[in-house]
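Participant: Structure file entry_19.cif, mmCIF, C-alpha atoms and all ligand atoms, is pasted below:
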data_query
loop_
_atom_site.group_PDB
_atom_site.id
_atom_site.type_symbol
_atom_site.label_atom_id
_atom_site.label_comp_id
_atom_site.auth_asym_id
_atom_site.auth_seq_id
_atom_site.Cartn_x
_atom_site.Cartn_y
_atom_site.Cartn_z
ATOM 1 C CA ARG A 18 1.983 -25.637 -23.261
ATOM 2 C CA GLY A 19 1.623 -23.285 -26.162
ATOM 3 C CA ASP A 20 -1.398 -24.978 -27.703
ATOM 4 C CA GLY A 21 -3.591 -21.946 -27.171
ATOM 5 C CA TYR A 22 -6.148 -24.059 -25.340
ATOM 6 C CA GLY A 23 -6.580 -23.756 -21.624
ATOM 7 C CA SER A 24 -3.193 -22.487 -20.533
ATOM 8 C CA ARG A 25 -2.700 -18.958 -21.770
ATOM 9 C CA GLY A 26 -1.180 -16.079 -19.860
ATOM 10 C CA ALA A 27 -3.156 -13.018 -18.773
ATOM 11 C CA LEU A 28 -2.935 -9.558 -20.337
ATOM 12 C CA ILE A 29 -2.770 -7.100 -17.453
ATOM 13 C CA VAL A 30 -2.671 -3.342 -18.075
ATOM 14 C CA LEU A 31 -1.791 -0.629 -15.576
ATOM 15 C CA GLU A 32 -3.021 2.869 -16.353
ATOM 16 C CA GLY A 33 -3.036 6.162 -14.511
ATOM 17 C CA LEU A 34 -1.773 9.723 -14.525
ATOM 18 C CA ASP A 35 1.860 10.574 -14.728
ATOM 19 C CA ARG A 36 3.583 9.596 -11.432
ATOM 20 C CA SER A 37 0.606 7.574 -10.188
ATOM 21 C CA GLY A 38 3.000 4.703 -9.515
ATOM 22 C CA LYS A 39 2.437 2.438 -12.544
ATOM 23 C CA SER A 40 6.050 1.513 -13.218
ATOM 24 C CA SER A 41 6.752 0.837 -9.523
ATOM 25 C CA GLN A 42 3.681 -1.388 -9.242
ATOM 26 C CA CYS A 43 4.446 -3.207 -12.495
ATOM 27 C CA ARG A 44 7.888 -4.148 -11.176
ATOM 28 C CA MET A 45 6.474 -5.329 -7.846
ATOM 29 C CA LEU A 46 3.824 -7.364 -9.645
ATOM 30 C CA LEU A 47 6.368 -9.017 -11.912
ATOM 31 C CA SER A 48 8.505 -10.232 -9.019
ATOM 32 C CA TYR A 49 5.406 -11.387 -7.156
ATOM 33 C CA LEU A 50 4.167 -13.501 -10.091
ATOM 34 C CA GLU A 51 7.643 -14.869 -10.814
ATOM 35 C CA GLY A 52 8.000 -15.727 -7.117
ATOM 36 C CA LEU A 53 4.852 -17.833 -7.385
ATOM 37 C CA GLY A 54 6.394 -19.677 -10.335
ATOM 38 C CA HIS A 55 4.296 -18.040 -13.084
ATOM 39 C CA SER A 56 5.855 -17.155 -16.406
ATOM 40 C CA ALA A 57 5.534 -13.358 -16.685
ATOM 41 C CA GLU A 58 7.045 -10.384 -18.530
ATOM 42 C CA LEU A 59 6.865 -6.640 -18.032
ATOM 43 C CA TRP A 60 6.251 -4.532 -21.152
ATOM 44 C CA ARG A 61 5.670 -0.817 -21.497
ATOM 45 C CA PHE A 62 4.204 1.557 -24.044
ATOM 46 C CA PRO A 63 5.600 3.550 -25.612
ATOM 47 C CA ASP A 64 8.235 0.928 -26.393
ATOM 48 C CA ARG A 65 11.024 3.399 -27.152
ATOM 49 C CA SER A 66 13.385 0.691 -28.495
ATOM 50 C CA THR A 67 11.714 0.302 -31.932
ATOM 51 C CA SER A 68 12.154 2.747 -34.821
ATOM 52 C CA VAL A 69 8.638 4.098 -34.260
ATOM 53 C CA GLY A 70 9.446 4.257 -30.538
ATOM 54 C CA LYS A 71 12.499 6.388 -31.258
ATOM 55 C CA MET A 72 10.322 8.941 -33.072
ATOM 56 C CA ILE A 73 7.958 8.958 -30.083
ATOM 57 C CA ASN A 74 10.866 9.459 -27.703
ATOM 58 C CA GLU A 75 12.129 12.469 -29.673
ATOM 59 C CA TYR A 76 8.661 13.956 -29.583
ATOM 60 C CA LEU A 77 8.161 13.387 -25.841
ATOM 61 C CA SER A 78 11.528 14.888 -25.007
ATOM 62 C CA ASP A 79 10.694 17.954 -27.152
ATOM 63 C CA LYS A 80 13.387 17.230 -29.725
ATOM 64 C CA SER A 81 10.835 17.072 -32.533
ATOM 65 C CA GLN A 82 7.454 18.584 -33.331
ATOM 66 C CA LEU A 83 4.640 16.502 -34.825
ATOM 67 C CA ASP A 84 1.020 17.137 -35.715
ATOM 68 C CA ASP A 85 -1.291 15.785 -32.967
ATOM 69 C CA HIS A 86 -2.895 13.228 -35.305
ATOM 70 C CA THR A 87 0.499 12.026 -36.497
ATOM 71 C CA ILE A 88 1.863 11.354 -33.010
ATOM 72 C CA HIS A 89 -1.422 9.666 -32.071
ATOM 73 C CA LEU A 90 -1.049 7.235 -34.974
ATOM 74 C CA LEU A 91 2.620 6.619 -34.096
ATOM 75 C CA PHE A 92 1.679 5.641 -30.534
ATOM 76 C CA SER A 93 -0.894 3.248 -32.005
ATOM 77 C CA ALA A 94 1.574 1.868 -34.577
ATOM 78 C CA ASN A 95 3.985 1.238 -31.701
ATOM 79 C CA ARG A 96 1.380 -1.113 -30.189
ATOM 80 C CA TRP A 97 0.539 -2.703 -33.550
ATOM 81 C CA GLU A 98 4.178 -3.592 -34.140
ATOM 82 C CA LYS A 99 4.099 -5.634 -30.911
ATOM 83 C CA ARG A 100 0.664 -7.227 -31.372
ATOM 84 C CA SER A 101 1.652 -10.568 -32.875
ATOM 85 C CA LEU A 102 4.471 -11.129 -30.364
ATOM 86 C CA MET A 103 2.012 -10.269 -27.620
ATOM 87 C CA GLU A 104 -0.434 -12.922 -28.849
ATOM 88 C CA THR A 105 2.321 -15.517 -29.209
ATOM 89 C CA LYS A 106 3.596 -14.926 -25.668
ATOM 90 C CA LEU A 107 0.095 -15.091 -24.169
ATOM 91 C CA LYS A 108 -0.673 -18.330 -25.999
ATOM 92 C CA MET A 109 2.618 -19.776 -24.774
ATOM 93 C CA GLY A 110 1.357 -19.215 -21.247
ATOM 94 C CA THR A 111 3.262 -16.036 -20.356
ATOM 95 C CA THR A 112 1.386 -13.363 -18.433
ATOM 96 C CA LEU A 113 2.134 -9.865 -19.749
ATOM 97 C CA ILE A 114 2.093 -6.898 -17.402
ATOM 98 C CA ILE A 115 1.745 -3.768 -19.540
ATOM 99 C CA ASP A 116 2.721 -0.318 -18.303
ATOM 100 C CA ARG A 117 0.281 1.938 -20.286
ATOM 101 C CA TYR A 118 -1.677 0.774 -23.339
ATOM 102 C CA SER A 119 -4.393 1.964 -25.757
ATOM 103 C CA TYR A 120 -6.170 3.825 -22.947
ATOM 104 C CA SER A 121 -3.202 6.183 -22.570
ATOM 105 C CA GLY A 122 -3.302 6.587 -26.335
ATOM 106 C CA VAL A 123 -6.936 7.721 -26.290
ATOM 107 C CA VAL A 124 -6.857 9.933 -23.208
ATOM 108 C CA PHE A 125 -3.674 11.880 -23.953
ATOM 109 C CA SER A 126 -4.761 12.706 -27.507
ATOM 110 C CA SER A 127 -8.351 13.523 -26.609
ATOM 111 C CA ALA A 128 -7.079 15.722 -23.757
ATOM 112 C CA LYS A 129 -5.401 17.775 -26.507
ATOM 113 C CA GLY A 130 -8.778 18.174 -28.187
ATOM 114 C CA LEU A 131 -8.799 15.392 -30.797
ATOM 115 C CA ASP A 132 -12.127 13.654 -31.334
ATOM 116 C CA PHE A 133 -12.644 10.897 -28.774
ATOM 117 C CA GLU A 134 -14.064 8.306 -31.210
ATOM 118 C CA TRP A 135 -11.405 9.087 -33.810
ATOM 119 C CA CYS A 136 -8.766 8.435 -31.155
ATOM 120 C CA LYS A 137 -10.226 4.994 -30.414
ATOM 121 C CA THR A 138 -10.344 3.847 -34.041
ATOM 122 C CA PRO A 139 -6.687 2.870 -34.721
ATOM 123 C CA GLU A 140 -6.759 0.707 -31.571
ATOM 124 C CA ILE A 141 -9.524 -1.531 -32.998
ATOM 125 C CA GLY A 142 -8.213 -5.076 -33.314
ATOM 126 C CA LEU A 143 -5.414 -4.835 -30.790
ATOM 127 C CA LEU A 144 -5.675 -7.408 -28.006
ATOM 128 C CA ALA A 145 -8.104 -6.495 -25.247
ATOM 129 C CA PRO A 146 -6.657 -6.718 -21.738
ATOM 130 C CA ASP A 147 -8.076 -9.227 -19.283
ATOM 131 C CA LEU A 148 -7.761 -6.579 -16.608
ATOM 132 C CA VAL A 149 -7.219 -2.830 -16.487
ATOM 133 C CA VAL A 150 -5.931 -1.533 -13.166
ATOM 134 C CA TYR A 151 -6.332 2.234 -12.831
ATOM 135 C CA LEU A 152 -4.139 3.937 -10.245
ATOM 136 C CA ASP A 153 -6.335 6.802 -9.124
ATOM 137 C CA ILE A 154 -4.632 9.971 -7.891
ATOM 138 C CA LEU A 155 -5.460 13.672 -7.916
ATOM 139 C CA PRO A 156 -3.254 15.497 -10.447
ATOM 140 C CA GLU A 157 -2.101 17.858 -7.662
ATOM 141 C CA LYS A 158 -0.937 14.911 -5.542
ATOM 142 C CA ALA A 159 0.892 13.276 -8.441
ATOM 143 C CA ALA A 160 2.689 16.539 -9.194
ATOM 144 C CA GLU A 161 4.222 16.480 -5.695
ATOM 145 C CA ARG A 162 6.017 13.203 -6.438
ATOM 146 C CA ALA A 163 9.666 12.916 -7.492
ATOM 147 C CA GLY A 164 10.611 13.236 -11.133
ATOM 148 C CA TYR A 165 7.554 15.231 -12.247
ATOM 149 C CA GLY A 166 7.975 17.827 -14.959
ATOM 150 C CA GLY A 167 10.633 16.447 -17.291
ATOM 151 C CA GLU A 168 8.625 15.597 -20.400
ATOM 152 C CA ARG A 169 6.142 17.184 -22.774
ATOM 153 C CA TYR A 170 2.866 16.208 -21.046
ATOM 154 C CA GLU A 171 4.030 16.652 -17.463
ATOM 155 C CA GLN A 172 2.147 19.841 -16.645
ATOM 156 C CA LEU A 173 -0.541 20.114 -14.026
ATOM 157 C CA GLU A 174 -3.228 21.772 -16.181
ATOM 158 C CA PHE A 175 -2.816 19.159 -18.890
ATOM 159 C CA GLN A 176 -2.815 16.284 -16.404
ATOM 160 C CA LYS A 177 -6.170 17.566 -15.090
ATOM 161 C CA LYS A 178 -7.631 17.204 -18.592
ATOM 162 C CA VAL A 179 -6.070 13.742 -18.903
ATOM 163 C CA SER A 180 -7.694 12.773 -15.619
ATOM 164 C CA GLN A 181 -11.138 13.830 -16.942
ATOM 165 C CA CYS A 182 -10.594 11.866 -20.161
ATOM 166 C CA TYR A 183 -9.665 8.734 -18.190
ATOM 167 C CA LYS A 184 -12.987 9.085 -16.325
ATOM 168 C CA LEU A 185 -14.843 9.231 -19.674
ATOM 169 C CA LEU A 186 -13.074 6.159 -21.015
ATOM 170 C CA SER A 187 -13.163 3.933 -17.934
ATOM 171 C CA ASP A 188 -15.969 1.429 -17.445
ATOM 172 C CA PHE A 189 -17.293 -0.858 -14.718
ATOM 173 C CA SER A 190 -14.743 -3.543 -15.590
ATOM 174 C CA TRP A 191 -11.746 -1.438 -14.522
ATOM 175 C CA GLU A 192 -10.256 -1.966 -11.090
ATOM 176 C CA ILE A 193 -9.840 1.516 -9.633
ATOM 177 C CA ILE A 194 -7.278 1.658 -6.844
ATOM 178 C CA ASP A 195 -6.526 4.603 -4.576
ATOM 179 C CA ALA A 196 -2.923 5.374 -5.552
ATOM 180 C CA CYS A 197 -2.365 7.646 -2.540
ATOM 181 C CA GLN A 198 -2.042 4.678 -0.221
ATOM 182 C CA SER A 199 1.411 3.361 0.594
ATOM 183 C CA MET A 200 3.155 1.506 -2.224
ATOM 184 C CA GLU A 201 2.788 -1.723 -0.226
ATOM 185 C CA ASP A 202 -0.974 -1.299 0.276
ATOM 186 C CA VAL A 203 -1.534 -0.505 -3.398
ATOM 187 C CA GLY A 204 0.568 -3.541 -4.296
ATOM 188 C CA LYS A 205 -1.390 -5.852 -2.018
ATOM 189 C CA GLN A 206 -4.696 -4.972 -3.715
ATOM 190 C CA ILE A 207 -3.260 -5.319 -7.195
ATOM 191 C CA LYS A 208 -1.763 -8.746 -6.448
ATOM 192 C CA GLU A 209 -5.099 -10.204 -5.341
ATOM 193 C CA ILE A 210 -7.083 -9.148 -8.400
ATOM 194 C CA VAL A 211 -4.298 -9.998 -10.821
ATOM 195 C CA LEU A 212 -3.917 -13.492 -9.435
ATOM 196 C CA ASP A 213 -7.650 -14.084 -10.002
ATOM 197 C CA GLN A 214 -7.214 -13.147 -13.665
ATOM 198 C CA VAL A 215 -4.098 -15.268 -14.093
ATOM 199 C CA MET A 216 -6.063 -18.261 -12.804
ATOM 200 C CA ALA A 217 -9.096 -17.495 -15.013
ATOM 201 C CA CYS A 218 -6.860 -17.340 -18.088
ATOM 202 C CA LYS A 219 -5.148 -20.605 -17.195
ATOM 203 C CA LYS A 220 -8.606 -22.171 -17.109
ATOM 204 C CA GLY A 221 -9.318 -21.075 -20.671
ATOM 205 C CA LYS A 222 -10.813 -17.576 -20.632
ATOM 206 C CA PRO A 223 -10.812 -16.583 -24.352
ATOM 207 C CA LEU A 224 -8.701 -13.743 -25.756
ATOM 208 C CA SER A 225 -10.587 -10.865 -27.357
ATOM 209 C CA ASN A 226 -9.904 -7.674 -29.284
ATOM 210 C CA LEU A 227 -10.440 -3.987 -28.646
ATOM 211 C CA TRP A 228 -12.918 -2.528 -28.224
ATOM 212 C CA PRO A 229 -14.972 -5.240 -26.593
HETATM 213 N N1 LIG A 301 1.462 8.442 -23.989
HETATM 214 C C1 LIG A 301 0.623 8.896 -25.005
HETATM 215 O O1 LIG A 301 0.432 10.088 -25.187
HETATM 216 N N2 LIG A 301 0.030 7.990 -25.815
HETATM 217 C C2 LIG A 301 0.203 6.650 -25.672
HETATM 218 O O2 LIG A 301 -0.353 5.851 -26.442
HETATM 219 C C3 LIG A 301 1.053 6.196 -24.605
HETATM 220 C C4 LIG A 301 1.664 7.129 -23.783
HETATM 221 C C5 LIG A 301 1.277 4.724 -24.399
HETATM 222 C C6 LIG A 301 5.329 8.731 -21.545
HETATM 223 O O3 LIG A 301 4.849 7.684 -20.755
HETATM 224 C C7 LIG A 301 4.206 9.625 -22.007
HETATM 225 O O4 LIG A 301 3.558 9.077 -23.154
HETATM 226 C C8 LIG A 301 3.126 9.802 -20.983
HETATM 227 C C9 LIG A 301 1.837 9.409 -21.697
HETATM 228 C C10 LIG A 301 2.185 9.417 -23.133
HETATM 229 N N3 LIG A 301 3.111 11.203 -20.649
HETATM 230 N N4 LIG A 301 2.752 11.671 -19.563
HETATM 231 N N5 LIG A 301 2.439 12.201 -18.664
HETATM 232 P P1 LIG A 301 5.764 6.956 -19.687
HETATM 233 O O5 LIG A 301 4.961 5.792 -19.211
HETATM 234 O O6 LIG A 301 7.089 6.696 -20.291
HETATM 235 O O7 LIG A 301 5.919 8.049 -18.485
HETATM 236 P P2 LIG A 301 6.924 7.943 -17.223
HETATM 237 O O8 LIG A 301 7.972 8.914 -17.387
HETATM 238 O O9 LIG A 301 7.319 6.521 -16.912
HETATM 239 O O10 LIG A 301 6.066 8.442 -16.009
HETATM 240 P P3 LIG A 301 4.884 7.667 -15.426
HETATM 241 O O11 LIG A 301 4.780 6.316 -16.082
HETATM 242 O O12 LIG A 301 3.688 8.487 -15.573
HETATM 243 O O13 LIG A 301 5.139 7.460 -13.870
HETATM 244 P P4 LIG A 301 4.588 6.160 -13.094
HETATM 245 O O14 LIG A 301 5.194 4.956 -13.739
HETATM 246 O O15 LIG A 301 3.141 6.185 -12.983
HETATM 247 O O16 LIG A 301 5.146 6.330 -11.644
HETATM 248 P P5 LIG A 301 6.446 5.663 -10.942
HETATM 249 O O17 LIG A 301 7.614 5.918 -11.829
HETATM 250 O O18 LIG A 301 6.174 4.305 -10.487
HETATM 251 O O19 LIG A 301 6.501 6.564 -9.647
HETATM 252 C C11 LIG A 301 6.722 7.975 -9.716
HETATM 253 C C12 LIG A 301 7.324 8.476 -8.384
HETATM 254 O O20 LIG A 301 6.347 8.346 -7.346
HETATM 255 C C13 LIG A 301 8.544 7.687 -7.911
HETATM 256 O O21 LIG A 301 9.402 8.559 -7.261
HETATM 257 C C14 LIG A 301 7.945 6.692 -6.921
HETATM 258 O O22 LIG A 301 8.882 6.288 -5.960
HETATM 259 C C15 LIG A 301 6.825 7.505 -6.309
HETATM 260 N N6 LIG A 301 5.687 6.666 -5.858
HETATM 261 C C16 LIG A 301 5.118 5.634 -6.535
HETATM 262 N N7 LIG A 301 4.104 5.094 -5.813
HETATM 263 C C17 LIG A 301 4.011 5.806 -4.684
HETATM 264 C C18 LIG A 301 3.134 5.742 -3.527
HETATM 265 N N8 LIG A 301 2.162 4.831 -3.422
HETATM 266 N N9 LIG A 301 3.318 6.639 -2.557
HETATM 267 C C19 LIG A 301 4.309 7.572 -2.645
HETATM 268 N N10 LIG A 301 5.174 7.686 -3.693
HETATM 269 C C20 LIG A 301 5.021 6.818 -4.694
HETATM 270 MG MG MG A 302 6.301 4.923 -15.609
#
Can you give me the file's structure in the form of structure tokens?
Facilitator:
Amino acid sequence: RGDGYGSRGALIVLEGLDRSGKSSQCRMLLSYLEGLGHSAELWRFPDRSTSVGKMINEYLSDKSQLDDHTIHLLFSANRWEKRSLMETKLKMGTTLIIDRYSYSGVVFSSAKGLDFEWCKTPEIGLLAPDLVVYLDILPEKAAERAGYGGERYEQLEFQKKVSQCYKLLSDFSWEIIDACQSMEDVGKQIKEIVLDQVMACKKGKPLSNLWP
């Protein structure tokens, strides 16, 4: 309807360590929601298609070096450049499934040693998700999965620190799912809780900003 009253889409975020299965689950969730006739889109951060995203991509693939604060602010800017489109889509009734968001921003930078509260600050005023799904996996287990090790942060010792930072940041509102189950079982649990949120948002749950 697009009137912003009573028919908005839900903002769903998937978070978790490298190789926890976020991208796989996001794709499964998108086809599930579309199959039910809901309007839905899959987004990911970093969005490497923008000019800021291209700088992030060079950094992640070790083609450039940047100060830790600088790359932190670029990751945040990459979300800010999508904020107004995000709000428009949600108000038009489209559910957005987001593969990594501000939480990745905070945990990866604080795992490097940057101040936790400082890391949260540039995210203030971005849209707050209706639901954060955390795919919980031991770093050692994730490292056994295909494709691990290609990019800058994909090292076991660092992923252990990231895992600890996620535990500091998470709160009671997150849905923590055991990511070591089969892809189908993980998917089944995600679908149920996401559908609840999609319905709540259709009924007029208000949008809010970080950090709530
Ligand atoms: N980063 C940051 O520092 N600051 C920020 O603000 C943001 C990000 C937003 C790039 O992210 C890096 O940017 C990331 C954080 C940092 N660095 N790290 N680490 P990315 O999202 O582009 O990273 P990626 O390359 O897509 O990897 P990933 O997202 O971490 O993987 P995944 O999406 O969680 O997993 P997957 O691709 O769905 O699955 C991985 C493999 O496991 C694949 O072979 C699957 O078939 C398999 N898999 C998946 N689920 C299962 C189950 N249940 N059982 C068995 N096998 C499975
Ligand atoms: Mg991924």
Participant: At a cut-off of 7 Å around ligand LIG 301 (chain A), and using only C-alpha atoms and all ligand atoms, what residues come up? Please write them as a PDB file with C-alpha atoms, in the coordinates of the input.
Facilitator:
ATOM      1  CA  GLY A  33      -3.036   6.162 -14.511  1.00  0.00           C
ATOM      2  CA  LEU A  34      -1.773   9.723 -14.525  1.00  0.00           C
ATOM      3  CA  ASP A  35       1.860  10.574 -14.728  1.00  0.00           C
ATOM      4  CA  ARG A  36       3.583   9.596 -11.432  1.00  0.00           C
ATOM      5  CA  SER A  37       0.606   7.574 -10.188  1.00  0.00           C
ATOM      6  CA  GLY A  38       3.000   4.703  -9.515  1.00  0.00           C
ATOM      7  CA  LYS A  39       2.437   2.438 -12.544  1.00  0.00           C
ATOM      8  CA  SER A  40       6.050   1.513 -13.218  1.00  0.00           C
ATOM      9  CA  SER A  41       6.752   0.837  -9.523  1.00  0.00           C
ATOM     10  CA  GLN A  42       3.681  -1.388  -9.242  1.00  0.00           C
ATOM     11  CA  PHE A  62       4.204   1.557 -24.044  1.00  0.00           C
ATOM     12  CA  PRO A  63       5.600   3.550 -25.612  1.00  0.00           C
ATOM     13  CA  LEU A  77       8.161  13.387 -25.841  1.00  0.00           C
ATOM     14  CA  HIS A  89      -1.422   9.666 -32.071  1.00  0.00           C
ATOM     15  CA  PHE A  92       1.679   5.641 -30.534  1.00  0.00           C
ATOM     16  CA  SER A  93      -0.894   3.248 -32.005  1.00  0.00           C
ATOM     17  CA  ASP A 116       2.721  -0.318 -18.303  1.00  0.00           C
ATOM     18  CA  ARG A 117       0.281   1.938 -20.286  1.00  0.00           C
ATOM     19  CA  TYR A 118      -1.677   0.774 -23.339  1.00  0.00           C
ATOM     20  CA  SER A 119      -4.393   1.964 -25.757  1.00  0.00           C
ATOM     21  CA  SER A 121      -3.202   6.183 -22.570  1.00  0.00           C
ATOM     22  CA  GLY A 122      -3.302   6.587 -26.335  1.00  0.00           C
ATOM     23  CA  VAL A 123      -6.936   7.721 -26.290  1.00  0.00           C
ATOM     24  CA  PHE A 125      -3.674  11.880 -23.953  1.00  0.00           C
ATOM     25  CA  SER A 126      -4.761  12.706 -27.507  1.00  0.00           C
ATOM     26  CA  ARG A 162       6.017  13.203  -6.438  1.00  0.00           C
ATOM     27  CA  ALA A 163       9.666  12.916  -7.492  1.00  0.00           C
ATOM     28  CA  GLY A 164      10.611  13.236 -11.133  1.00  0.00           C
ATOM     29  CA  TYR A 170       2.866  16.208 -21.046  1.00  0.00           C
ATOM     30  CA  GLU A 171       4.030  16.652 -17.463  1.00  0.00           C
ATOM     31  CA  ALA A 196      -2.923   5.374  -5.552  1.00  0.00           C
ATOM     32  CA  CYS A 197      -2.365   7.646  -2.540  1.00  0.00           C
ATOM     33  CA  GLN A 198      -2.042   4.678  -0.221  1.00  0.00           C
ATOM     34  CA  SER A 199       1.411   3.361   0.594  1.00  0.00           C
ATOM     35  CA  MET A 200       3.155   1.506  -2.224  1.00  0.00           C
ATOM     36  CA  VAL A 203      -1.534  -0.505  -3.398  1.00  0.00           C
TER      37      VAL A 203
END
Participant: Would you write out, as a PyMOL selection string, every residue that the PyMOL selection byres (((chain A and resi 103) around 12) and not hetatm) captures in this file?
Facilitator: chain A and resi 25-29+57-61+96-102+104-115+143-146+224
Participant: Applied to this file, what does the PyMOL selection byres (((chain A and resi 216) around 12) and not hetatm) return in terms of residues, put as a PyMOL selection string?
Facilitator: chain A and resi 23-28+50+55+110+112+147+209-215+217-222
Participant: Output C-alpha atoms for every residue in the selection just made, as a tab-separated table (two decimals), in the frame of the given file.
Facilitator:
chain	number	residue	atom	x	y	z
A	23	GLY	CA	-6.58	-23.76	-21.62
A	24	SER	CA	-3.19	-22.49	-20.53
A	25	ARG	CA	-2.70	-18.96	-21.77
A	26	GLY	CA	-1.18	-16.08	-19.86
A	27	ALA	CA	-3.16	-13.02	-18.77
A	28	LEU	CA	-2.94	-9.56	-20.34
A	50	LEU	CA	4.17	-13.50	-10.09
A	55	HIS	CA	4.30	-18.04	-13.08
A	110	GLY	CA	1.36	-19.22	-21.25
A	112	THR	CA	1.39	-13.36	-18.43
A	147	ASP	CA	-8.08	-9.23	-19.28
A	209	GLU	CA	-5.10	-10.20	-5.34
A	210	ILE	CA	-7.08	-9.15	-8.40
A	211	VAL	CA	-4.30	-10.00	-10.82
A	212	LEU	CA	-3.92	-13.49	-9.44
A	213	ASP	CA	-7.65	-14.08	-10.00
A	214	GLN	CA	-7.21	-13.15	-13.66
A	215	VAL	CA	-4.10	-15.27	-14.09
A	217	ALA	CA	-9.10	-17.50	-15.01
A	218	CYS	CA	-6.86	-17.34	-18.09
A	219	LYS	CA	-5.15	-20.60	-17.20
A	220	LYS	CA	-8.61	-22.17	-17.11
A	221	GLY	CA	-9.32	-21.08	-20.67
A	222	LYS	CA	-10.81	-17.58	-20.63
Participant: Taking 5 positions as the minimum chain separation for residues in the same chain, which residues sit within 10 Å of His86 of chain A when counting all atoms listed in the file? Answer as number ranges by chain.
Facilitator: A: 91, 126, 131, 135-136
Participant: So, counting all atoms listed in the file, which residue among A:Leu152, A:Tyr76, A:Pro139, A:Glu157 is closest to ligand MG 302 (chain A)?
Facilitator: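 Of the candidates, the smallest distance to ligand MG 302 (chain A) is held by A:Leu152.
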Participant: Given the file shown, enumerate the residues that the PyMOL selection byres (((chain A and resi 184) around 12) and not hetatm) captures and present them as a ChimeraX atom specification.
Facilitator: /A:32-34,120-121,123-124,128,151-154,177-183,185-189,191,193
Participant: Which residue is closest to Asp84 of chain A? Choose from A:Val30, A:Trp228, A:Ile207, A:Lys129 and count only C-alpha atoms.
Facilitator: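 Nearest to Asp84 of chain A: A:Lys129.
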Participant: Take atom CA of Gln172 of chain A and atom CA of Leu47 of chain A and report the distance between them in Å, one decimal.
Facilitator: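 If I compute the distance from atom CA of Gln172 of chain A to atom CA of Leu47 of chain A, I get 29.5 Å.
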Participant: Between atom CA of Leu148 of chain A and atom CA of Ser56 of chain A, what is the distance in Å, rounded to a tenth?
Facilitator: 17.2 Å
Participant: Go through A:Cys43, A:Gly142, A:Ser225, A:Ile194 one by one, measure the shortest atom-to-atom distance of each to ligand MG 302 (chain A) using only C-alpha atoms and all ligand atoms, and give the residue with the smallest value.
Facilitator: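 Selected residue with least distance to ligand MG 302 (chain A): A:Cys43.
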Participant: Just checking: using all atoms listed in the file, which residue out of A:Glu140, A:Asp64, A:Gly204, A:Tyr49 ends up closest to ligand MG 302 (chain A)?
Facilitator: A:Asp64
Participant: Quick one: of A:Ile141, A:Glu168, A:Ile88, A:Ile73, who's nearest to ligand MG 302 (chain A), counting all atoms listed in the file?
Facilitator: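 Comparing A:Ile141, A:Glu168, A:Ile88, A:Ile73 against ligand MG 302 (chain A), the winner is A:Glu168.
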Participant: What separation in Å, quoted to one decimal, exists between atom CA of Ala160 of chain A and atom CA of Asp195 of chain A?
Facilitator: 15.8 Å
Participant: Tell me which of A:Met72, A:Leu173, A:Asn226, A:Tyr165 sits closest to ligand MG 302 (chain A), counting all atoms listed in the file.
Facilitator: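 Distance minimum relative to ligand MG 302 (chain A) lands on A:Tyr165.
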Participant: Produce the centre coordinates and the three edge lengths, each in Å to one decimal, of the box along x, y and z that contains all listed atoms of segment 89-95 of chain A with 6 Å added on each side, as lines of an AutoDock Vina configuration file.
Facilitator:
center_x = 1.3
center_y = 5.5
center_z = -32.8
size_x = 17.4
size_y = 20.4
size_z = 16.4
Participant: Give me segment 133-142 of chain A with N, CA and C atoms filled in, as a tab-separated table (two decimals), keeping the file's coordinate frame.
Facilitator:
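Writing done, so here's result03.tsv:
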chain	number	residue	atom	x	y	z
A	133	PHE	N	-12.75	12.08	-29.62
A	133	PHE	CA	-12.64	10.90	-28.77
A	133	PHE	C	-12.80	9.60	-29.59
A	134	GLU	N	-13.83	9.53	-30.42
A	134	GLU	CA	-14.06	8.31	-31.21
A	134	GLU	C	-12.97	8.11	-32.25
A	135	TRP	N	-12.51	9.20	-32.84
A	135	TRP	CA	-11.40	9.09	-33.81
A	135	TRP	C	-10.18	8.50	-33.12
A	136	CYS	N	-9.94	8.93	-31.89
A	136	CYS	CA	-8.77	8.44	-31.16
A	136	CYS	C	-8.86	6.94	-30.88
A	137	LYS	N	-10.06	6.42	-30.72
A	137	LYS	CA	-10.23	4.99	-30.41
A	137	LYS	C	-10.03	4.10	-31.65
A	138	THR	N	-10.28	4.67	-32.83
A	138	THR	CA	-10.34	3.85	-34.04
A	138	THR	C	-9.07	3.06	-34.37
A	139	PRO	N	-7.88	3.67	-34.35
A	139	PRO	CA	-6.69	2.87	-34.72
A	139	PRO	C	-6.36	1.75	-33.73
A	140	GLU	N	-7.01	1.76	-32.57
A	140	GLU	CA	-6.76	0.71	-31.57
A	140	GLU	C	-7.63	-0.53	-31.83
A	141	ILE	N	-8.62	-0.41	-32.73
A	141	ILE	CA	-9.52	-1.53	-33.00
A	141	ILE	C	-8.73	-2.72	-33.53
A	142	GLY	N	-8.89	-3.86	-32.87
A	142	GLY	CA	-8.21	-5.08	-33.31
A	142	GLY	C	-6.95	-5.41	-32.53
